[in-house]
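Enquirer: Got a file for you: entry20.tsv, TSV, C-alpha atoms.
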chain	number	residue	atom	x	y	z
K	1	MET	CA	4.21	1.76	31.41
K	2	THR	CA	5.02	4.39	28.78
K	3	MET	CA	4.90	4.20	24.99
K	4	LYS	CA	6.94	5.86	22.30
K	5	PRO	CA	4.93	8.36	20.22
K	6	LEU	CA	4.78	6.31	17.02
K	7	ASP	CA	3.87	3.13	18.90
K	8	LEU	CA	0.40	4.62	19.33
K	9	PHE	CA	-0.03	4.35	15.55
K	10	GLY	CA	1.36	0.84	15.17
K	11	ILE	CA	3.86	2.05	12.59
K	12	ASP	CA	6.20	-0.95	12.89
K	13	ALA	CA	3.43	-3.26	11.73
K	14	LEU	CA	3.27	-1.31	8.45
K	15	LEU	CA	6.92	-2.03	7.63
K	16	THR	CA	8.62	-5.11	6.26
K	17	ASP	CA	11.38	-6.87	8.18
K	18	GLU	CA	13.97	-5.47	5.76
K	19	GLU	CA	12.66	-1.93	6.15
K	20	ARG	CA	12.79	-2.19	9.94
K	21	ASP	CA	16.32	-3.60	9.79
K	22	ILE	CA	17.52	-0.72	7.61
K	23	GLN	CA	15.88	1.84	9.89
K	24	ASP	CA	17.39	0.27	13.00
K	25	THR	CA	20.84	0.13	11.40
K	26	VAL	CA	20.79	3.80	10.47
K	27	ARG	CA	19.45	4.77	13.89
K	28	ARG	CA	22.34	2.92	15.58
K	29	LEU	CA	24.85	4.66	13.35
K	30	VAL	CA	23.39	8.07	14.18
K	31	ASP	CA	23.09	7.38	17.92
K	32	ASP	CA	26.47	5.71	18.39
K	33	ARG	CA	28.75	7.46	15.90
K	34	LEU	CA	27.26	10.79	14.87
K	35	ARG	CA	24.94	12.20	17.53
K	36	PRO	CA	27.70	12.69	20.15
K	37	ARG	CA	29.60	14.93	17.69
K	38	LEU	CA	26.64	16.88	16.32
K	39	PRO	CA	26.56	19.72	18.89
K	40	ASP	CA	30.22	20.49	18.16
K	41	TRP	CA	29.69	20.37	14.38
K	42	PHE	CA	26.68	22.66	14.73
K	43	GLU	CA	28.58	25.10	16.93
K	44	GLN	CA	31.63	25.06	14.64
K	45	GLY	CA	29.50	25.37	11.50
K	46	THR	CA	30.94	22.36	9.72
K	47	LEU	CA	30.40	18.76	8.69
K	48	PRO	CA	33.53	16.65	8.16
K	49	ARG	CA	34.00	15.00	4.81
K	50	GLU	CA	35.14	11.78	6.49
K	51	ILE	CA	31.60	10.77	7.41
K	52	ALA	CA	30.99	10.02	3.73
K	53	ARG	CA	32.97	6.80	4.07
K	54	GLU	CA	30.90	5.67	7.07
K	55	LEU	CA	27.69	6.42	5.21
K	56	GLY	CA	28.98	4.76	2.07
K	57	ASP	CA	30.02	1.63	3.94
K	58	LEU	CA	26.40	1.21	5.06
K	59	GLY	CA	25.16	1.69	1.51
K	60	LEU	CA	23.31	4.92	2.30
K	61	LEU	CA	24.67	7.00	-0.59
K	62	GLY	CA	22.36	6.66	-3.57
K	63	MET	CA	20.75	3.75	-1.75
K	64	HIS	CA	17.53	3.88	-3.79
K	65	LEU	CA	19.39	3.69	-7.13
K	66	GLN	CA	20.15	0.47	-9.00
K	67	ASP	CA	23.59	-0.90	-9.97
K	68	TYR	CA	26.92	0.97	-10.15
K	69	GLY	CA	27.62	0.12	-6.50
K	70	CYS	CA	24.26	1.41	-5.26
K	71	ALA	CA	22.20	-0.60	-2.78
K	72	GLY	CA	18.98	-0.59	-4.81
K	73	THR	CA	16.58	-0.36	-1.85
K	74	ASN	CA	12.94	0.60	-2.16
K	75	ALA	CA	11.67	4.14	-1.65
K	76	VAL	CA	10.27	3.47	1.83
K	77	SER	CA	13.64	2.20	3.06
K	78	TYR	CA	15.30	5.32	1.69
K	79	GLY	CA	12.69	7.46	3.43
K	80	LEU	CA	13.22	5.69	6.75
K	81	ALA	CA	16.97	6.21	6.45
K	82	CYS	CA	16.35	9.92	5.85
K	83	LEU	CA	14.12	9.99	8.94
K	84	GLU	CA	16.85	8.53	11.14
K	85	LEU	CA	19.54	10.78	9.72
K	86	GLU	CA	17.44	13.89	10.33
K	87	ALA	CA	16.63	12.68	13.83
K	88	GLY	CA	20.31	13.38	14.33
K	89	ASP	CA	20.46	16.61	12.36
K	90	SER	CA	19.03	18.02	9.14
K	91	GLY	CA	22.61	18.50	7.99
K	92	LEU	CA	23.16	14.74	7.94
K	93	ARG	CA	20.06	14.10	5.87
K	94	SER	CA	20.90	16.96	3.52
K	95	PHE	CA	24.38	15.53	3.01
K	96	VAL	CA	22.97	12.15	1.99
K	97	SER	CA	20.07	13.66	0.05
K	98	VAL	CA	22.27	15.91	-2.09
K	99	GLN	CA	24.74	13.10	-2.72
K	100	GLY	CA	22.15	10.50	-3.66
K	101	SER	CA	18.98	12.23	-4.83
K	102	LEU	CA	20.56	15.18	-6.60
K	103	SER	CA	24.15	14.50	-7.64
K	104	MET	CA	23.95	10.74	-8.16
K	105	PHE	CA	20.38	10.70	-9.42
K	106	SER	CA	21.19	13.33	-12.06
K	107	ILE	CA	24.01	11.12	-13.36
K	108	HIS	CA	22.04	7.88	-13.02
K	109	ARG	CA	18.99	9.25	-14.79
K	110	PHE	CA	20.50	11.59	-17.40
K	111	GLY	CA	24.16	10.59	-17.77
K	112	SER	CA	25.97	8.56	-20.40
K	113	GLU	CA	27.21	5.08	-19.59
K	114	GLU	CA	30.74	6.46	-19.41
K	115	GLN	CA	29.68	9.14	-16.92
K	116	LYS	CA	27.89	6.56	-14.79
K	117	GLN	CA	30.89	4.26	-14.72
K	118	GLN	CA	33.25	7.12	-13.96
K	119	TRP	CA	31.33	8.69	-11.09
K	120	LEU	CA	28.59	6.54	-9.54
K	121	PRO	CA	30.70	3.81	-7.87
K	122	ARG	CA	32.97	6.42	-6.29
K	123	LEU	CA	30.02	8.52	-5.15
K	124	ALA	CA	28.23	5.47	-3.73
K	125	SER	CA	31.25	4.50	-1.64
K	126	GLY	CA	31.88	8.01	-0.36
K	127	GLU	CA	35.27	8.16	-2.06
K	128	ALA	CA	33.98	11.09	-4.11
K	129	LEU	CA	31.38	13.72	-3.21
K	130	GLY	CA	28.96	15.56	-5.45
K	131	CYS	CA	26.82	18.68	-5.36
K	132	PHE	CA	23.98	20.09	-7.46
K	133	GLY	CA	24.13	23.61	-8.87
K	134	LEU	CA	20.69	24.90	-9.84
K	135	THR	CA	19.74	27.76	-7.48
K	136	GLU	CA	21.23	31.19	-8.17
K	137	PRO	CA	21.42	34.35	-6.05
K	138	ASP	CA	18.38	35.85	-7.83
K	139	PHE	CA	16.64	32.71	-9.05
K	140	GLY	CA	15.38	30.10	-6.60
K	141	SER	CA	11.67	29.44	-7.05
K	142	ASN	CA	11.93	30.54	-10.70
K	143	PRO	CA	14.92	28.57	-12.06
K	144	SER	CA	13.88	29.29	-15.65
K	145	GLY	CA	15.41	32.74	-15.21
K	146	MET	CA	18.88	31.40	-14.42
K	147	ARG	CA	21.75	33.52	-15.74
K	148	THR	CA	24.43	30.83	-15.79
K	149	ARG	CA	25.25	30.18	-19.44
K	150	ALA	CA	27.10	27.51	-21.37
K	151	ARG	CA	28.36	28.32	-24.86
K	152	ARG	CA	30.10	26.21	-27.45
K	153	ASP	CA	33.77	26.78	-28.20
K	154	GLY	CA	34.77	24.22	-30.77
K	155	SER	CA	33.93	20.84	-29.27
K	156	ASP	CA	34.14	22.22	-25.71
K	157	TRP	CA	31.68	24.11	-23.54
K	158	ILE	CA	32.49	27.31	-21.65
K	159	LEU	CA	30.43	27.93	-18.48
K	160	ASP	CA	29.98	31.29	-16.76
K	161	GLY	CA	27.71	32.11	-13.83
K	162	THR	CA	27.08	31.85	-10.12
K	163	LYS	CA	25.14	29.30	-8.08
K	164	MET	CA	24.08	29.91	-4.48
K	165	TRP	CA	23.07	27.92	-1.39
K	166	ILE	CA	24.73	24.77	-2.70
K	167	THR	CA	24.92	22.02	-0.07
K	168	ASN	CA	28.23	20.11	-0.11
K	169	GLY	CA	29.61	22.64	-2.61
K	170	GLY	CA	32.85	23.14	-0.73
K	171	LEU	CA	33.35	19.39	-0.25
K	172	ALA	CA	32.41	18.15	-3.71
K	173	ASP	CA	34.65	16.55	-6.31
K	174	VAL	CA	32.05	16.96	-9.04
K	175	ALA	CA	29.23	19.45	-9.49
K	176	THR	CA	26.13	18.91	-11.58
K	177	VAL	CA	25.72	22.42	-13.02
K	178	TRP	CA	22.61	23.55	-14.88
K	179	ALA	CA	23.01	26.30	-17.44
K	180	GLN	CA	21.18	28.09	-20.23
K	181	THR	CA	22.36	27.24	-23.74
K	182	ASP	CA	21.19	28.24	-27.20
K	183	ASP	CA	19.18	25.03	-27.08
K	184	GLY	CA	17.58	25.49	-23.63
K	185	VAL	CA	18.65	24.37	-20.15
K	186	ARG	CA	21.29	21.65	-20.09
K	187	GLY	CA	23.24	19.86	-17.35
K	188	PHE	CA	27.01	19.48	-17.12
K	189	LEU	CA	29.30	17.44	-14.87
K	190	VAL	CA	32.05	19.79	-13.76
K	191	PRO	CA	35.01	18.45	-11.75
K	192	THR	CA	35.58	21.01	-9.01
K	193	ASP	CA	39.32	21.22	-9.72
K	194	THR	CA	38.59	22.61	-13.20
K	195	PRO	CA	40.26	26.02	-13.72
K	196	GLY	CA	37.78	28.85	-13.20
K	197	PHE	CA	35.62	26.89	-10.73
K	198	THR	CA	35.50	28.29	-7.18
K	199	ALA	CA	33.43	27.25	-4.16
K	200	ASN	CA	33.06	29.90	-1.46
K	201	THR	CA	31.71	28.72	1.90
K	202	VAL	CA	28.66	30.55	3.25
K	203	THR	CA	29.34	31.54	6.86
K	204	HIS	CA	27.42	33.19	9.73
K	205	LYS	CA	24.46	30.85	9.26
K	206	LEU	CA	21.78	30.55	11.96
K	207	SER	CA	20.41	27.34	10.44
K	208	MET	CA	21.89	24.14	8.92
K	209	ARG	CA	25.16	24.82	10.66
K	210	ALA	CA	26.22	21.16	10.61
K	211	SER	CA	26.26	21.37	6.82
K	212	VAL	CA	28.64	22.90	4.29
K	213	THR	CA	26.81	25.48	2.16
K	214	SER	CA	28.58	27.22	-0.70
K	215	GLU	CA	28.46	29.75	-3.48
K	216	LEU	CA	29.75	28.29	-6.74
K	217	VAL	CA	31.44	30.68	-9.16
K	218	LEU	CA	32.09	29.58	-12.73
K	219	ASP	CA	34.40	31.96	-14.56
K	220	GLY	CA	35.19	30.71	-18.04
K	221	VAL	CA	35.08	27.07	-16.94
K	222	ARG	CA	35.97	24.89	-19.92
K	223	VAL	CA	34.67	21.33	-20.06
K	224	PRO	CA	34.68	18.83	-22.93
K	225	ALA	CA	31.57	17.82	-24.83
K	226	SER	CA	31.58	14.58	-22.84
K	227	ALA	CA	30.75	16.59	-19.68
K	228	GLN	CA	27.21	17.29	-20.88
K	229	LEU	CA	24.46	15.05	-19.50
K	230	PRO	CA	23.13	13.68	-22.79
K	231	GLU	CA	19.61	12.81	-21.62
K	232	ALA	CA	18.92	16.09	-19.77
K	233	ARG	CA	16.87	18.47	-21.88
K	234	GLY	CA	15.04	21.45	-20.45
K	235	LEU	CA	14.01	22.31	-16.90
K	236	ARG	CA	12.13	19.03	-16.46
K	237	ALA	CA	15.46	17.31	-15.87
K	238	PRO	CA	16.64	19.27	-12.79
K	239	LEU	CA	13.08	19.50	-11.46
K	240	SER	CA	12.77	15.71	-11.53
K	241	CYS	CA	15.95	15.54	-9.43
K	242	LEU	CA	14.38	17.95	-6.93
K	243	ASN	CA	11.35	15.68	-6.64
K	244	GLU	CA	13.68	12.87	-5.56
K	245	ALA	CA	15.16	15.08	-2.86
K	246	ARG	CA	11.75	16.35	-1.73
K	247	PHE	CA	10.58	12.80	-1.20
K	248	GLY	CA	13.40	12.26	1.28
K	249	ILE	CA	12.36	15.41	3.14
K	250	VAL	CA	8.81	14.04	3.56
K	251	PHE	CA	10.31	11.39	5.86
K	252	GLY	CA	13.34	13.32	7.06
K	253	ALA	CA	11.48	16.19	8.70
K	254	LEU	CA	9.60	13.67	10.82
K	255	GLY	CA	12.92	12.50	12.24
K	256	ALA	CA	13.61	15.98	13.59
K	257	ALA	CA	10.08	16.11	15.00
K	258	ARG	CA	10.32	12.65	16.60
K	259	ASP	CA	13.67	13.41	18.21
K	260	SER	CA	12.35	16.72	19.55
K	261	LEU	CA	9.28	15.01	20.99
K	262	GLU	CA	11.22	12.14	22.57
K	263	THR	CA	13.61	14.66	24.10
K	264	ALA	CA	10.73	16.70	25.54
K	265	ILE	CA	8.99	13.61	26.96
K	266	ALA	CA	12.18	12.43	28.66
K	267	TYR	CA	12.86	15.89	30.07
K	268	ALA	CA	9.30	16.35	31.33
K	269	GLY	CA	9.54	13.05	33.17
K	270	THR	CA	12.54	14.11	35.23
K	271	ARG	CA	12.06	17.86	35.62
K	272	GLU	CA	10.19	18.74	38.81
K	273	VAL	CA	8.03	21.86	39.00
K	274	PHE	CA	6.21	22.68	42.24
K	275	ASP	CA	7.34	19.33	43.68
K	276	ARG	CA	5.96	17.11	40.92
K	277	PRO	CA	7.19	16.00	37.49
K	278	LEU	CA	6.44	18.39	34.65
K	279	ALA	CA	5.00	15.40	32.79
K	280	GLY	CA	2.22	15.14	35.37
K	281	TYR	CA	0.62	18.45	34.46
K	282	GLN	CA	-2.38	18.56	32.16
K	283	LEU	CA	-1.02	21.37	30.01
K	284	THR	CA	2.18	19.42	29.38
K	285	GLN	CA	0.27	16.28	28.48
K	286	GLU	CA	-1.96	18.25	26.13
K	287	LYS	CA	1.12	19.53	24.31
K	288	LEU	CA	2.64	16.06	24.09
K	289	ALA	CA	-0.60	14.45	22.91
K	290	ASP	CA	-1.23	17.08	20.23
K	291	MET	CA	2.33	16.80	18.91
K	292	THR	CA	2.11	13.02	18.85
K	293	LEU	CA	-1.04	13.19	16.75
K	294	GLU	CA	0.64	15.39	14.14
K	295	LEU	CA	3.77	13.26	14.11
K	296	GLY	CA	1.76	10.08	13.62
K	297	LYS	CA	-0.43	11.55	10.89
K	298	GLY	CA	2.68	12.79	9.11
K	299	MET	CA	4.23	9.34	9.34
K	300	LEU	CA	1.15	7.67	7.87
K	301	LEU	CA	1.21	10.20	5.02
K	302	ALA	CA	4.90	9.54	4.39
K	303	LEU	CA	4.38	5.79	4.27
K	304	GLN	CA	1.44	6.14	1.90
K	305	LEU	CA	3.53	8.30	-0.44
K	306	GLY	CA	6.43	5.87	-0.15
K	307	ARG	CA	4.27	2.91	-1.17
K	308	MET	CA	2.92	4.94	-4.08
K	309	LYS	CA	6.45	5.82	-5.18
K	310	ASP	CA	7.46	2.17	-5.03
K	311	ARG	CA	4.52	1.34	-7.29
K	312	GLY	CA	5.51	4.12	-9.69
K	313	GLU	CA	2.28	6.00	-9.06
K	314	ILE	CA	3.37	9.13	-7.21
K	315	THR	CA	3.05	12.61	-8.75
K	316	PRO	CA	4.96	15.83	-8.02
K	317	ASP	CA	1.80	17.37	-6.53
K	318	GLN	CA	1.54	14.51	-4.05
K	319	ILE	CA	5.15	14.99	-3.04
K	320	SER	CA	4.29	18.67	-2.48
K	321	VAL	CA	1.49	17.60	-0.11
K	322	GLY	CA	3.93	15.52	1.90
K	323	LYS	CA	6.73	18.07	1.97
K	324	LEU	CA	4.45	20.97	2.89
K	325	ASN	CA	2.57	19.15	5.63
K	326	ASN	CA	5.42	17.29	7.27
K	327	VAL	CA	7.91	20.15	7.36
K	328	ARG	CA	5.26	22.58	8.60
K	329	GLU	CA	4.21	20.22	11.39
K	330	ALA	CA	7.79	19.26	12.25
K	331	ILE	CA	8.88	22.83	12.82
K	332	ALA	CA	5.81	23.46	14.98
K	333	ILE	CA	6.61	20.36	17.04
K	334	ALA	CA	10.27	21.36	17.51
K	335	ARG	CA	9.26	24.84	18.67
K	336	GLU	CA	6.64	23.51	21.08
K	337	CYS	CA	9.09	21.01	22.52
K	338	ARG	CA	11.48	23.84	23.25
K	339	THR	CA	8.83	25.44	25.45
K	340	ILE	CA	8.63	22.28	27.56
K	341	LEU	CA	12.39	22.45	28.09
K	342	GLY	CA	12.19	26.05	29.30
K	343	ALA	CA	15.48	27.94	29.47
K	344	ASN	CA	17.43	24.69	29.18
K	345	GLY	CA	16.03	24.35	25.69
K	346	ILE	CA	18.17	27.14	24.28
K	347	THR	CA	21.40	25.20	24.87
K	348	LEU	CA	23.01	22.68	22.53
K	349	GLU	CA	22.65	20.07	25.26
K	350	TYR	CA	19.10	19.54	23.97
K	351	SER	CA	18.09	19.09	20.35
K	352	PRO	CA	14.66	20.76	19.76
K	353	LEU	CA	15.84	24.32	19.12
K	354	ARG	CA	18.67	23.06	16.90
K	355	HIS	CA	16.07	21.07	14.95
K	356	ALA	CA	13.76	24.10	14.77
K	357	ASN	CA	16.56	26.29	13.44
K	358	ASN	CA	17.44	23.67	10.82
K	359	LEU	CA	13.83	23.23	9.78
K	360	GLU	CA	13.65	26.94	8.96
K	361	SER	CA	15.91	26.05	6.02
K	362	VAL	CA	14.08	22.84	5.18
K	363	LEU	CA	10.85	24.85	5.03
K	364	THR	CA	12.45	26.93	2.28
K	365	TYR	CA	14.69	24.67	0.22
K	366	GLU	CA	13.61	22.14	-2.41
K	367	GLY	CA	10.65	24.44	-2.95
K	368	THR	CA	9.37	26.99	-0.43
K	369	SER	CA	6.18	26.27	1.47
K	370	GLU	CA	4.47	28.94	-0.65
K	371	MET	CA	5.46	27.21	-3.89
K	372	HIS	CA	4.14	23.88	-2.64
K	373	LEU	CA	0.89	25.56	-1.59
K	374	LEU	CA	0.52	26.91	-5.11
K	375	SER	CA	1.34	23.53	-6.63
K	376	ILE	CA	-1.43	21.97	-4.58
K	377	GLY	CA	-3.74	24.85	-5.51
K	378	ARG	CA	-3.03	24.31	-9.19
K	379	ALA	CA	-3.83	20.61	-8.82
K	380	LEU	CA	-7.13	21.44	-7.16
K	381	THR	CA	-8.29	24.24	-9.44
K	382	GLY	CA	-6.48	23.76	-12.72
K	383	HIS	CA	-5.20	27.34	-12.52
K	384	ALA	CA	-1.51	28.19	-12.10
K	385	ALA	CA	-1.17	31.15	-9.73
K	386	PHE	CA	2.62	31.37	-9.65
K	387	ARG	CA	2.74	34.76	-11.39
Show this structure as structure tokens.

Expert:
Amino acid sequence: MTMKPLDLFGIDALLTDEERDIQDTVRRLVDDRLRPRLPDWFEQGTLPREIARELGDLGLLGMHLQDYGCAGTNAVSYGLACLELEAGDSGLRSFVSVQGSLSMFSIHRFGSEEQKQQWLPRLASGEALGCFGLTEPDFGSNPSGMRTRARRDGSDWILDGTKMWITNGGLADVATVWAQTDDGVRGFLVPTDTPGFTANTVTHKLSMRASVTSELVLDGVRVPASAQLPEARGLRAPLSCLNEARFGIVFGALGAARDSLETAIAYAGTREVFDRPLAGYQLTQEKLADMTLELGKGMLLALQLGRMKDRGEITPDQISVGKLNNVREAIAIARECRTILGANGITLEYSPLRHANNLESVLTYEGTSEMHLLSIGRALTGHAAFR
């Protein structure tokens, strides 16, 4: 009798019936509808827009938000959905994360009632897609230095600047764009068909290939005063959106790790080396046991943070702990699993190396591992060492 890795930790007993049902539903969607197409999407460097409708029909877009067509689930359920999506591919989780935790959350948290009514139901259903323009070519970890500017022209705003590494940028109908103004950083909802707005697809990627990544160019983009997010003032606004997305990564990265580990276990059970299954060798079992321990510990951490978020008690530093640990361990697991697969592991027939390549990006975006280390260090010492 064999066990699945997380069964050794009794994880199911820590979930409610509703949370298990949501996780199972998302896993079936990924396994039945999306996983068979993922190798082709990864190889072609694309993710079709049409999947938004499938995800929207299941209530996965902005699922942790209330009203306006959103499902209103708890944080743990959202995390478990992210886990199952990333067990397919990080590109799937990024698609949902940017739509719900960045684009939709920015409107839900900082938008006017008119903006919410205009955009959130369409974004929740997958009819419309959104993206989030904060990072710039020269300003990632230090967004306060952004060069994108918005200036008044009568009652309108004129936006000029460039954003980089924007997930869903080439698919989006609306972009949440953050810009410097004479009154500090402000957010604007910019329909992507506005004159002067261009999305250029980033190509030749070695990571996150089943994801559309874009450069956004704003050249004299004119939007009305009603495009400004009225409740967004200063950098705290976009950074709070990033915390929402980072929370999803805490769970999501474990999906990539779990899928890599399950793939390696299955392979080791059928692959014969010197006339016996690879799974029967002590070195293989040591690898599998060590990876299972890290996966399980990461899952317990994720659930603890999820319960804290549902109680309204979580802090950004605690999210940094989860993101740093779980992504770091996930990428190590994916790489180790590839070694069990040997030469077969470099093909798209098996998932671990694809997951490892994707996790190279996850390790960097929504805050690099170094920035999260320094956030934790600041929490421990009271000294900010970012400069």

Enquirer: Report as number ranges by chain all protein, DNA and RNA residues lying within 12 Å of K:Arg271, evaluated on all atoms listed in the file, omitting residues in the same chain fewer than 2 positions from it.

Expert: K: 264-269, 273-281, 284, 340-342, 344

Enquirer: What gap, in Å, lies between atom CA of K:Gln282 and atom CA of K:Gly10?

Expert: 24.8 Å

Enquirer: Need the shell around stretch 296-310 of chain K: protein/DNA/RNA residues with any atom at most 7 Å away, counting all atoms listed in the file. Skip same-chain ones fewer than 4 positions apart. Format as a PyMOL selection string?

Expert: chain K and resi 6+9+74-76+250-251+292+314+322+326

Enquirer: Fewer than 6 positions away in the same chain doesn't count, so skip those; otherwise give me all residues within 10 Å of stretch 346-349 of chain K, counting only C-alpha atoms, as a PyMOL selection string.

Expert: chain K and resi 38-40+42-43+338-339

Enquirer: Keeping only C-alpha atoms, take the residues you just selected and write them out as a short mmCIF file (atom, residue, chain, number, x, y, z; two decimals), in the frame of the given file.

Expert:
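Written output follows (result.cif):
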data_model
loop_
_atom_site.label_atom_id
_atom_site.label_comp_id
_atom_site.auth_asym_id
_atom_site.auth_seq_id
_atom_site.Cartn_x
_atom_site.Cartn_y
_atom_site.Cartn_z
CA LEU K 38 26.64 16.88 16.32
CA PRO K 39 26.56 19.72 18.89
CA ASP K 40 30.22 20.49 18.16
CA PHE K 42 26.68 22.66 14.73
CA GLU K 43 28.58 25.10 16.93
CA ARG K 338 11.48 23.84 23.25
CA THR K 339 8.83 25.44 25.45
#

Enquirer: How far is it from atom CA of K:Ser94 to atom CA of K:Arg27, in Å with one decimal?

Expert: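 These atoms are spaced 16.1 Å apart.
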
Enquirer: Which of these residues is nearest to K:Leu55, using only C-alpha atoms: K:Arg37, K:Lys205, K:Arg93, K:Arg152?

Expert: K:Arg93

Enquirer: Just checking: using only C-alpha atoms, which residue out of K:Asn358, K:Asn325, K:Ser97, K:Ser320 ends up closest to K:Gly377?

Expert: K:Ser320

Enquirer: Would you please work out which residue, of K:His372, K:His108, K:Arg186, K:Lys163, is nearest to K:Pro238 when using only C-alpha atoms?

Expert: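 Ranking K:His372, K:His108, K:Arg186, K:Lys163 by distance to K:Pro238, first place goes to K:Arg186.
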
Enquirer: Please define a box with edges along x, y and z of the file around all atoms of stretch 181-190 of chain K given in the file, extend it by 4 Å on each side, and return its centre and edge lengths in Å to one decimal, as JSON.

Expert:
{"center_x": 24.8, "center_y": 22.8, "center_z": -20.5, "size_x": 22.5, "size_y": 18.8, "size_z": 21.4}

Enquirer: Stretch 170-188 of chain K from the block above, N, CA and C atoms, as a PDB file, in the first residue's frame, please?

Expert:
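Writing the result to result.pdb gives the following:
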ATOM      1  N   GLY K 170      -1.007  41.545 -22.842  1.00  0.00           N
ATOM      2  CA  GLY K 170      -1.439  41.481 -24.234  1.00  0.00           C
ATOM      3  C   GLY K 170      -2.842  40.932 -24.409  1.00  0.00           C
ATOM      4  N   LEU K 171      -3.449  40.431 -23.334  1.00  0.00           N
ATOM      5  CA  LEU K 171      -4.805  39.891 -23.396  1.00  0.00           C
ATOM      6  C   LEU K 171      -5.831  40.840 -22.793  1.00  0.00           C
ATOM      7  N   ALA K 172      -5.369  41.798 -22.000  1.00  0.00           N
ATOM      8  CA  ALA K 172      -6.257  42.562 -21.125  1.00  0.00           C
ATOM      9  C   ALA K 172      -7.136  43.551 -21.880  1.00  0.00           C
ATOM     10  N   ASP K 173      -8.316  43.772 -21.308  1.00  0.00           N
ATOM     11  CA  ASP K 173      -9.229  44.826 -21.761  1.00  0.00           C
ATOM     12  C   ASP K 173      -9.058  46.095 -20.939  1.00  0.00           C
ATOM     13  N   VAL K 174      -8.561  45.937 -19.718  1.00  0.00           N
ATOM     14  CA  VAL K 174      -8.337  47.091 -18.854  1.00  0.00           C
ATOM     15  C   VAL K 174      -7.061  46.870 -18.062  1.00  0.00           C
ATOM     16  N   ALA K 175      -6.276  47.926 -17.927  1.00  0.00           N
ATOM     17  CA  ALA K 175      -5.025  47.864 -17.171  1.00  0.00           C
ATOM     18  C   ALA K 175      -5.119  48.806 -15.975  1.00  0.00           C
ATOM     19  N   THR K 176      -4.787  48.281 -14.800  1.00  0.00           N
ATOM     20  CA  THR K 176      -4.599  49.146 -13.642  1.00  0.00           C
ATOM     21  C   THR K 176      -3.166  49.672 -13.717  1.00  0.00           C
ATOM     22  N   VAL K 177      -3.023  50.955 -13.984  1.00  0.00           N
ATOM     23  CA  VAL K 177      -1.705  51.565 -14.195  1.00  0.00           C
ATOM     24  C   VAL K 177      -1.398  52.498 -13.029  1.00  0.00           C
ATOM     25  N   TRP K 178      -0.215  52.325 -12.461  1.00  0.00           N
ATOM     26  CA  TRP K 178       0.230  53.164 -11.349  1.00  0.00           C
ATOM     27  C   TRP K 178       1.235  54.181 -11.878  1.00  0.00           C
ATOM     28  N   ALA K 179       1.034  55.439 -11.471  1.00  0.00           N
ATOM     29  CA  ALA K 179       1.860  56.516 -12.018  1.00  0.00           C
ATOM     30  C   ALA K 179       2.127  57.565 -10.956  1.00  0.00           C
ATOM     31  N   GLN K 180       3.259  58.259 -11.127  1.00  0.00           N
ATOM     32  CA  GLN K 180       3.585  59.402 -10.285  1.00  0.00           C
ATOM     33  C   GLN K 180       2.745  60.603 -10.725  1.00  0.00           C
ATOM     34  N   THR K 181       2.213  61.320  -9.751  1.00  0.00           N
ATOM     35  CA  THR K 181       1.526  62.581 -10.019  1.00  0.00           C
ATOM     36  C   THR K 181       2.131  63.653  -9.115  1.00  0.00           C
ATOM     37  N   ASP K 182       1.667  64.877  -9.267  1.00  0.00           N
ATOM     38  CA  ASP K 182       2.136  65.946  -8.381  1.00  0.00           C
ATOM     39  C   ASP K 182       1.702  65.710  -6.947  1.00  0.00           C
ATOM     40  N   ASP K 183       0.783  64.775  -6.765  1.00  0.00           N
ATOM     41  CA  ASP K 183       0.264  64.471  -5.429  1.00  0.00           C
ATOM     42  C   ASP K 183       0.600  63.034  -5.022  1.00  0.00           C
ATOM     43  N   GLY K 184       1.732  62.503  -5.527  1.00  0.00           N
ATOM     44  CA  GLY K 184       2.157  61.154  -5.168  1.00  0.00           C
ATOM     45  C   GLY K 184       1.657  60.101  -6.142  1.00  0.00           C
ATOM     46  N   VAL K 185       1.870  58.830  -5.803  1.00  0.00           N
ATOM     47  CA  VAL K 185       1.496  57.717  -6.675  1.00  0.00           C
ATOM     48  C   VAL K 185      -0.020  57.538  -6.664  1.00  0.00           C
ATOM     49  N   ARG K 186      -0.594  57.410  -7.857  1.00  0.00           N
ATOM     50  CA  ARG K 186      -2.020  57.190  -8.001  1.00  0.00           C
ATOM     51  C   ARG K 186      -2.266  56.069  -9.012  1.00  0.00           C
ATOM     52  N   GLY K 187      -3.434  55.446  -8.909  1.00  0.00           N
ATOM     53  CA  GLY K 187      -3.805  54.367  -9.818  1.00  0.00           C
ATOM     54  C   GLY K 187      -4.877  54.811 -10.789  1.00  0.00           C
ATOM     55  N   PHE K 188      -4.808  54.267 -12.014  1.00  0.00           N
ATOM     56  CA  PHE K 188      -5.756  54.629 -13.064  1.00  0.00           C
ATOM     57  C   PHE K 188      -6.215  53.365 -13.789  1.00  0.00           C
TER      58      PHE K 188
END
